[in-house]
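Structure file target.tsv with TSV, C-alpha atoms:
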chain	number	residue	atom	x	y	z
A	1	MET	CA	-3.13	-86.76	-27.40
A	2	LYS	CA	-0.56	-86.10	-30.15
A	3	ASP	CA	0.49	-82.89	-28.41
A	4	LYS	CA	1.00	-84.77	-25.11
A	5	VAL	CA	3.10	-87.45	-26.83
A	6	LYS	CA	5.18	-84.80	-28.60
A	7	SER	CA	5.69	-82.89	-25.35
A	8	SER	CA	6.75	-86.07	-23.58
A	9	LYS	CA	9.31	-86.83	-26.27
A	10	VAL	CA	10.70	-83.28	-26.07
A	11	ASN	CA	10.98	-83.52	-22.29
A	12	ARG	CA	12.77	-86.87	-22.48
A	13	ALA	CA	15.17	-85.51	-25.10
A	14	TRP	CA	15.93	-82.46	-22.94
A	15	ILE	CA	16.54	-84.61	-19.86
A	16	ASN	CA	18.82	-86.91	-21.85
A	17	ASP	CA	20.81	-83.96	-23.23
A	18	HIS	CA	21.06	-82.41	-19.78
A	19	VAL	CA	22.21	-85.55	-18.00
A	20	ASN	CA	24.87	-86.23	-20.65
A	21	ASP	CA	26.01	-82.62	-20.92
A	22	PRO	CA	29.75	-82.44	-20.10
A	23	TYR	CA	29.33	-79.03	-18.48
A	24	VAL	CA	26.58	-80.35	-16.20
A	25	LYS	CA	28.89	-83.19	-15.16
A	26	GLN	CA	31.80	-80.81	-14.64
A	27	ALA	CA	29.63	-78.46	-12.56
A	28	LYS	CA	28.77	-81.33	-10.22
A	29	ILE	CA	32.44	-82.26	-9.85
A	30	GLU	CA	33.55	-78.69	-9.18
A	31	GLY	CA	30.65	-77.80	-6.91
A	32	TYR	CA	28.96	-75.21	-9.11
A	33	ARG	CA	25.20	-74.88	-8.82
A	34	ALA	CA	24.71	-74.60	-12.58
A	35	ARG	CA	26.60	-75.08	-15.83
A	36	ALA	CA	26.20	-71.31	-16.41
A	37	ALA	CA	29.42	-70.82	-14.40
A	38	TYR	CA	31.41	-71.97	-17.43
A	39	LYS	CA	29.79	-69.38	-19.68
A	40	LEU	CA	31.03	-66.61	-17.42
A	41	GLN	CA	34.39	-68.34	-17.03
A	42	GLU	CA	35.00	-68.32	-20.80
A	43	ILE	CA	33.92	-64.69	-21.12
A	44	ASP	CA	36.16	-63.70	-18.21
A	45	GLU	CA	39.18	-65.67	-19.38
A	46	THR	CA	38.86	-64.23	-22.89
A	47	LEU	CA	38.48	-60.61	-21.81
A	48	ASP	CA	40.13	-60.60	-18.35
A	49	LEU	CA	37.20	-58.84	-16.67
A	50	ILE	CA	37.10	-60.08	-13.08
A	51	ARG	CA	40.02	-59.47	-10.74
A	52	PRO	CA	40.64	-59.52	-6.97
A	53	GLY	CA	39.79	-56.27	-5.25
A	54	GLN	CA	36.86	-55.40	-7.49
A	55	LEU	CA	33.23	-54.67	-6.70
A	56	VAL	CA	30.94	-56.93	-8.74
A	57	VAL	CA	27.13	-56.75	-8.86
A	58	ASP	CA	25.32	-59.90	-10.03
A	59	LEU	CA	21.79	-59.19	-11.31
A	60	GLY	CA	19.43	-62.17	-11.53
A	61	SER	CA	21.93	-64.21	-9.53
A	62	THR	CA	19.87	-67.26	-8.51
A	63	PRO	CA	20.87	-70.11	-8.23
A	64	GLY	CA	24.28	-68.50	-7.69
A	65	ALA	CA	26.74	-70.11	-10.12
A	66	TRP	CA	28.01	-66.75	-11.41
A	67	SER	CA	28.47	-65.47	-7.86
A	68	GLN	CA	30.34	-68.68	-7.04
A	69	TYR	CA	32.68	-68.14	-9.99
A	70	VAL	CA	33.36	-64.52	-9.02
A	71	ARG	CA	33.93	-65.59	-5.41
A	72	ARG	CA	36.62	-68.01	-6.55
A	73	LYS	CA	38.37	-65.34	-8.60
A	74	MET	CA	38.42	-63.01	-5.59
A	75	SER	CA	39.84	-65.47	-3.09
A	76	PRO	CA	43.60	-65.81	-2.51
A	77	ARG	CA	43.15	-69.57	-2.38
A	78	THR	CA	40.27	-71.65	-3.68
A	79	ALA	CA	39.02	-75.05	-2.71
A	80	THR	CA	40.53	-77.61	-5.05
A	81	GLY	CA	37.86	-78.93	-7.39
A	82	GLY	CA	35.14	-76.97	-5.63
A	83	GLY	CA	32.71	-74.26	-6.71
A	84	ALA	CA	32.97	-72.70	-3.25
A	85	ALA	CA	36.01	-70.65	-2.34
A	86	VAL	CA	37.86	-70.51	0.95
A	87	GLY	CA	40.09	-67.88	2.40
A	88	GLU	CA	39.59	-64.16	2.81
A	89	LEU	CA	37.51	-62.47	0.13
A	90	ASN	CA	39.54	-59.84	-1.69
A	91	GLY	CA	36.78	-57.68	-3.11
A	92	SER	CA	33.01	-57.25	-2.82
A	93	ILE	CA	30.17	-59.18	-4.44
A	94	ILE	CA	26.54	-58.08	-4.24
A	95	ALA	CA	23.93	-60.39	-5.75
A	96	LEU	CA	20.27	-59.56	-6.40
A	97	ASP	CA	17.31	-61.66	-7.49
A	98	ILE	CA	13.56	-61.84	-7.10
A	99	LEU	CA	14.01	-65.54	-6.22
A	100	PRO	CA	15.74	-66.84	-3.09
A	101	MET	CA	19.38	-67.92	-3.37
A	102	GLU	CA	21.29	-70.26	-1.10
A	103	PRO	CA	24.13	-68.34	0.58
A	104	VAL	CA	27.54	-68.10	-1.06
A	105	GLN	CA	30.29	-67.36	1.45
A	106	GLY	CA	31.18	-63.67	1.41
A	107	VAL	CA	28.47	-62.71	-1.09
A	108	VAL	CA	25.86	-60.17	0.01
A	109	PHE	CA	22.48	-61.31	-1.34
A	110	LEU	CA	19.51	-58.97	-1.64
A	111	LEU	CA	16.13	-60.59	-2.27
A	112	GLY	CA	13.73	-58.47	-4.29
A	113	ASP	CA	13.16	-56.45	-7.46
A	114	PHE	CA	15.85	-53.83	-8.06
A	115	ARG	CA	13.23	-51.61	-9.72
A	116	GLU	CA	11.63	-51.15	-6.30
A	117	PRO	CA	12.78	-48.18	-4.17
A	118	GLU	CA	13.11	-50.30	-1.01
A	119	LEU	CA	15.59	-52.70	-2.61
A	120	MET	CA	17.51	-49.87	-4.25
A	121	GLN	CA	17.90	-48.25	-0.84
A	122	ARG	CA	19.28	-51.52	0.55
A	123	LEU	CA	21.66	-51.71	-2.42
A	124	ASP	CA	22.81	-48.14	-1.87
A	125	ASP	CA	23.48	-49.00	1.77
A	126	GLU	CA	25.69	-51.92	0.69
A	127	LEU	CA	27.49	-49.90	-2.00
A	128	LYS	CA	28.45	-47.19	0.51
A	129	GLY	CA	28.97	-44.68	-2.27
A	130	ARG	CA	31.09	-47.04	-4.40
A	131	GLN	CA	30.55	-47.81	-8.08
A	132	ALA	CA	30.89	-51.29	-9.55
A	133	ASP	CA	33.81	-52.52	-11.64
A	134	VAL	CA	31.61	-55.19	-13.24
A	135	VAL	CA	27.84	-55.65	-13.51
A	136	LEU	CA	26.67	-59.13	-14.52
A	137	SER	CA	23.19	-59.89	-15.83
A	138	ASP	CA	22.13	-63.45	-16.51
A	139	MET	CA	18.48	-62.40	-16.28
A	140	ALA	CA	16.04	-64.10	-18.62
A	141	PRO	CA	12.24	-63.91	-18.85
A	142	ASN	CA	9.81	-66.80	-18.87
A	143	LEU	CA	9.31	-67.27	-22.60
A	144	SER	CA	5.77	-67.69	-23.94
A	145	GLY	CA	6.61	-68.86	-27.45
A	146	ILE	CA	4.95	-65.75	-28.89
A	147	ALA	CA	7.82	-64.05	-30.71
A	148	SER	CA	6.69	-60.44	-30.32
A	149	ALA	CA	5.86	-60.80	-26.63
A	150	ASP	CA	9.09	-62.67	-25.86
A	151	ALA	CA	11.17	-60.08	-27.72
A	152	ALA	CA	9.59	-57.32	-25.66
A	153	ARG	CA	10.28	-59.17	-22.38
A	154	ILE	CA	13.92	-59.82	-23.33
A	155	GLU	CA	14.45	-56.24	-24.45
A	156	ASN	CA	12.94	-54.92	-21.22
A	157	LEU	CA	15.28	-56.96	-18.99
A	158	VAL	CA	18.37	-55.96	-20.92
A	159	GLU	CA	17.27	-52.32	-20.87
A	160	LEU	CA	16.96	-52.59	-17.09
A	161	ALA	CA	20.52	-53.92	-16.89
A	162	LEU	CA	21.73	-51.11	-19.14
A	163	ASP	CA	20.00	-48.47	-17.04
A	164	PHE	CA	21.42	-50.00	-13.87
A	165	ALA	CA	24.94	-50.07	-15.33
A	166	GLN	CA	24.75	-46.44	-16.43
A	167	VAL	CA	24.13	-45.39	-12.84
A	168	HIS	CA	26.25	-47.89	-10.92
A	169	LEU	CA	29.27	-48.68	-13.16
A	170	LYS	CA	32.49	-46.76	-12.72
A	171	ALA	CA	34.33	-45.25	-15.69
A	172	GLY	CA	35.97	-48.10	-17.59
A	173	GLY	CA	33.62	-50.64	-15.98
A	174	THR	CA	32.00	-53.58	-17.74
A	175	LEU	CA	28.47	-54.90	-18.21
A	176	VAL	CA	27.96	-58.55	-19.23
A	177	ALA	CA	24.35	-59.26	-20.24
A	178	LYS	CA	22.57	-62.28	-21.66
A	179	VAL	CA	20.51	-61.59	-24.77
A	180	PHE	CA	18.72	-63.77	-27.31
A	181	HIS	CA	18.85	-63.74	-31.09
A	182	GLY	CA	15.49	-62.66	-32.39
A	183	ALA	CA	13.44	-59.57	-33.06
A	184	ALA	CA	15.04	-57.54	-30.26
A	185	TYR	CA	18.66	-58.52	-30.89
A	186	ASP	CA	19.72	-55.79	-33.33
A	187	VAL	CA	17.99	-53.16	-31.20
A	188	LEU	CA	19.92	-54.28	-28.12
A	189	VAL	CA	23.26	-54.33	-29.96
A	190	LYS	CA	22.54	-50.76	-31.06
A	191	ARG	CA	21.71	-49.75	-27.48
A	192	PHE	CA	24.96	-51.26	-26.23
A	193	LYS	CA	26.95	-49.35	-28.85
A	194	GLU	CA	25.19	-46.17	-27.78
A	195	ASN	CA	26.01	-46.80	-24.13
A	196	PHE	CA	29.55	-48.22	-24.24
A	197	ILE	CA	32.84	-47.30	-25.89
A	198	ASN	CA	33.68	-50.92	-26.66
A	199	VAL	CA	31.13	-53.68	-27.35
A	200	LYS	CA	31.85	-57.38	-27.85
A	201	ARG	CA	29.57	-60.33	-28.59
A	202	MET	CA	30.28	-63.84	-27.37
A	203	LYS	CA	28.56	-67.22	-27.44
A	204	PRO	CA	30.55	-69.36	-25.00
A	205	LYS	CA	31.09	-73.04	-25.71
A	206	ALA	CA	28.99	-73.86	-22.63
A	207	SER	CA	25.99	-72.20	-24.28
A	208	ARG	CA	24.13	-74.99	-26.08
A	209	ASP	CA	24.11	-74.87	-29.88
A	210	LYS	CA	20.30	-75.10	-29.89
A	211	SER	CA	20.01	-72.09	-27.61
A	212	ALA	CA	19.43	-68.64	-29.09
A	213	GLU	CA	21.26	-67.03	-26.19
A	214	THR	CA	24.42	-65.02	-26.59
A	215	PHE	CA	26.16	-62.40	-24.47
A	216	LEU	CA	26.85	-58.75	-25.04
A	217	ILE	CA	29.78	-57.20	-23.20
A	218	GLY	CA	29.93	-53.44	-22.90
A	219	ILE	CA	33.21	-51.90	-21.69
A	220	GLY	CA	33.56	-48.24	-20.72
A	221	PRO	CA	30.19	-46.51	-20.18
A	222	ARG	CA	29.56	-43.43	-22.32
A	223	ARG	CA	28.50	-40.56	-20.11
Full structure transcribed into structure tokens:
Amino acid sequence: MKDKVKSSKVNRAWINDHVNDPYVKQAKIEGYRARAAYKLQEIDETLDLIRPGQLVVDLGSTPGAWSQYVRRKMSPRTATGGGAAVGELNGSIIALDILPMEPVQGVVFLLGDFREPELMQRLDDELKGRQADVVLSDMAPNLSGIASADAARIENLVELALDFAQVHLKAGGTLVAKVFHGAAYDVLVKRFKENFINVKRMKPKASRDKSAETFLIGIGPRR
């Protein structure tokens, strides 16, 4: 009974924080599907990563807020106050996820696991021999609360993004990946430094203080 009461209090606190979150409110006003758009926006505005004319691959894209943000950056004119963009898309965006995603205008969405040969063939067909300017990974595992198991799951997803970027990023390209502070963090920072010429760490303001998430940005793959 005590556990149920505690869980109920935690859920109510989370709902209260979520409803009153200024980024949640702003996302609704601007038409973004999730507050995560503002995390990418701060990273992009700080480092100037996403520009019209680029090819961007969005791993773990659902519900689509990051793809929406990229779409806006690649449109010559954007809808005022809206997460959707209008006008001709200047660039290419390919989004992948194992979960369905509502369409984003101009974004090619591939449903499936990019570790599977069938999906990789579909991706290769869309790439048409091109390499990406930017690879985004907002992938996160379902956490169990068991530190060692969660660290392994987190490390595995980031390793997948790193492996993907090594194959599909062009020289000078960028990988943005979500990671979590914990047992795997130092290992992942080391892996980024092994794989990229320049590595930066950022915790955007839109990332909640209570959250252990942060973002690693690798620029210029080492090959």
* Find the spatial neighbours of region 64-71 of chain A, counting only C-alpha atoms, within a cut-off of 10 Å - ignore same-chain residues fewer than 2 positions away - and output them as a VMD selection string. => chain A and resid 27 31 to 41 44 50 to 52 54 56 to 62 73 to 75 78 82 to 86 89 to 97 100 to 109 136 to 138
* Using all atoms listed in the file, find the one residue out of A:Val187, A:Ala212, A:Ala132, A:Ile98 that sits nearest to Val167 (chain A). => A:Ala132
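Nearest to Lys170 (chain A) of all the residues A:Asp186, A:Asp133, A:Glu194, A:Glu45 is A:Asp133, based on all atoms listed in the file.
When all atoms listed in the file are used to measure the gap to Arg122 (chain A), the shortest distance among A:Gln166, A:Leu110, A:Thr46, A:Lys205 belongs to A:Leu110.
Restricting the calculation to all atoms listed in the file, the smallest distance between Val135 (chain A) and any of A:Pro117, A:Gly112, A:Gly173, A:Pro221 is found for A:Gly173.
Closest to Leu216 (chain A) among A:Val179, A:Val24, A:Ala184, A:Leu47 is A:Val179, based on only C-alpha atoms.
Residues with any atom within 9 Å of Glu213 (chain A), counting all atoms listed in the file and excluding same-chain neighbours fewer than 5 positions away, are A:Lys178, A:Val179, A:Phe180, A:His181, A:Lys203, A:Ser207, A:Arg208.
Of the listed residues (A:Ala177, A:Leu169, A:Leu157, A:Ala152), A:Leu157 comes nearest to Asp113 (chain A); the distances count all atoms listed in the file.
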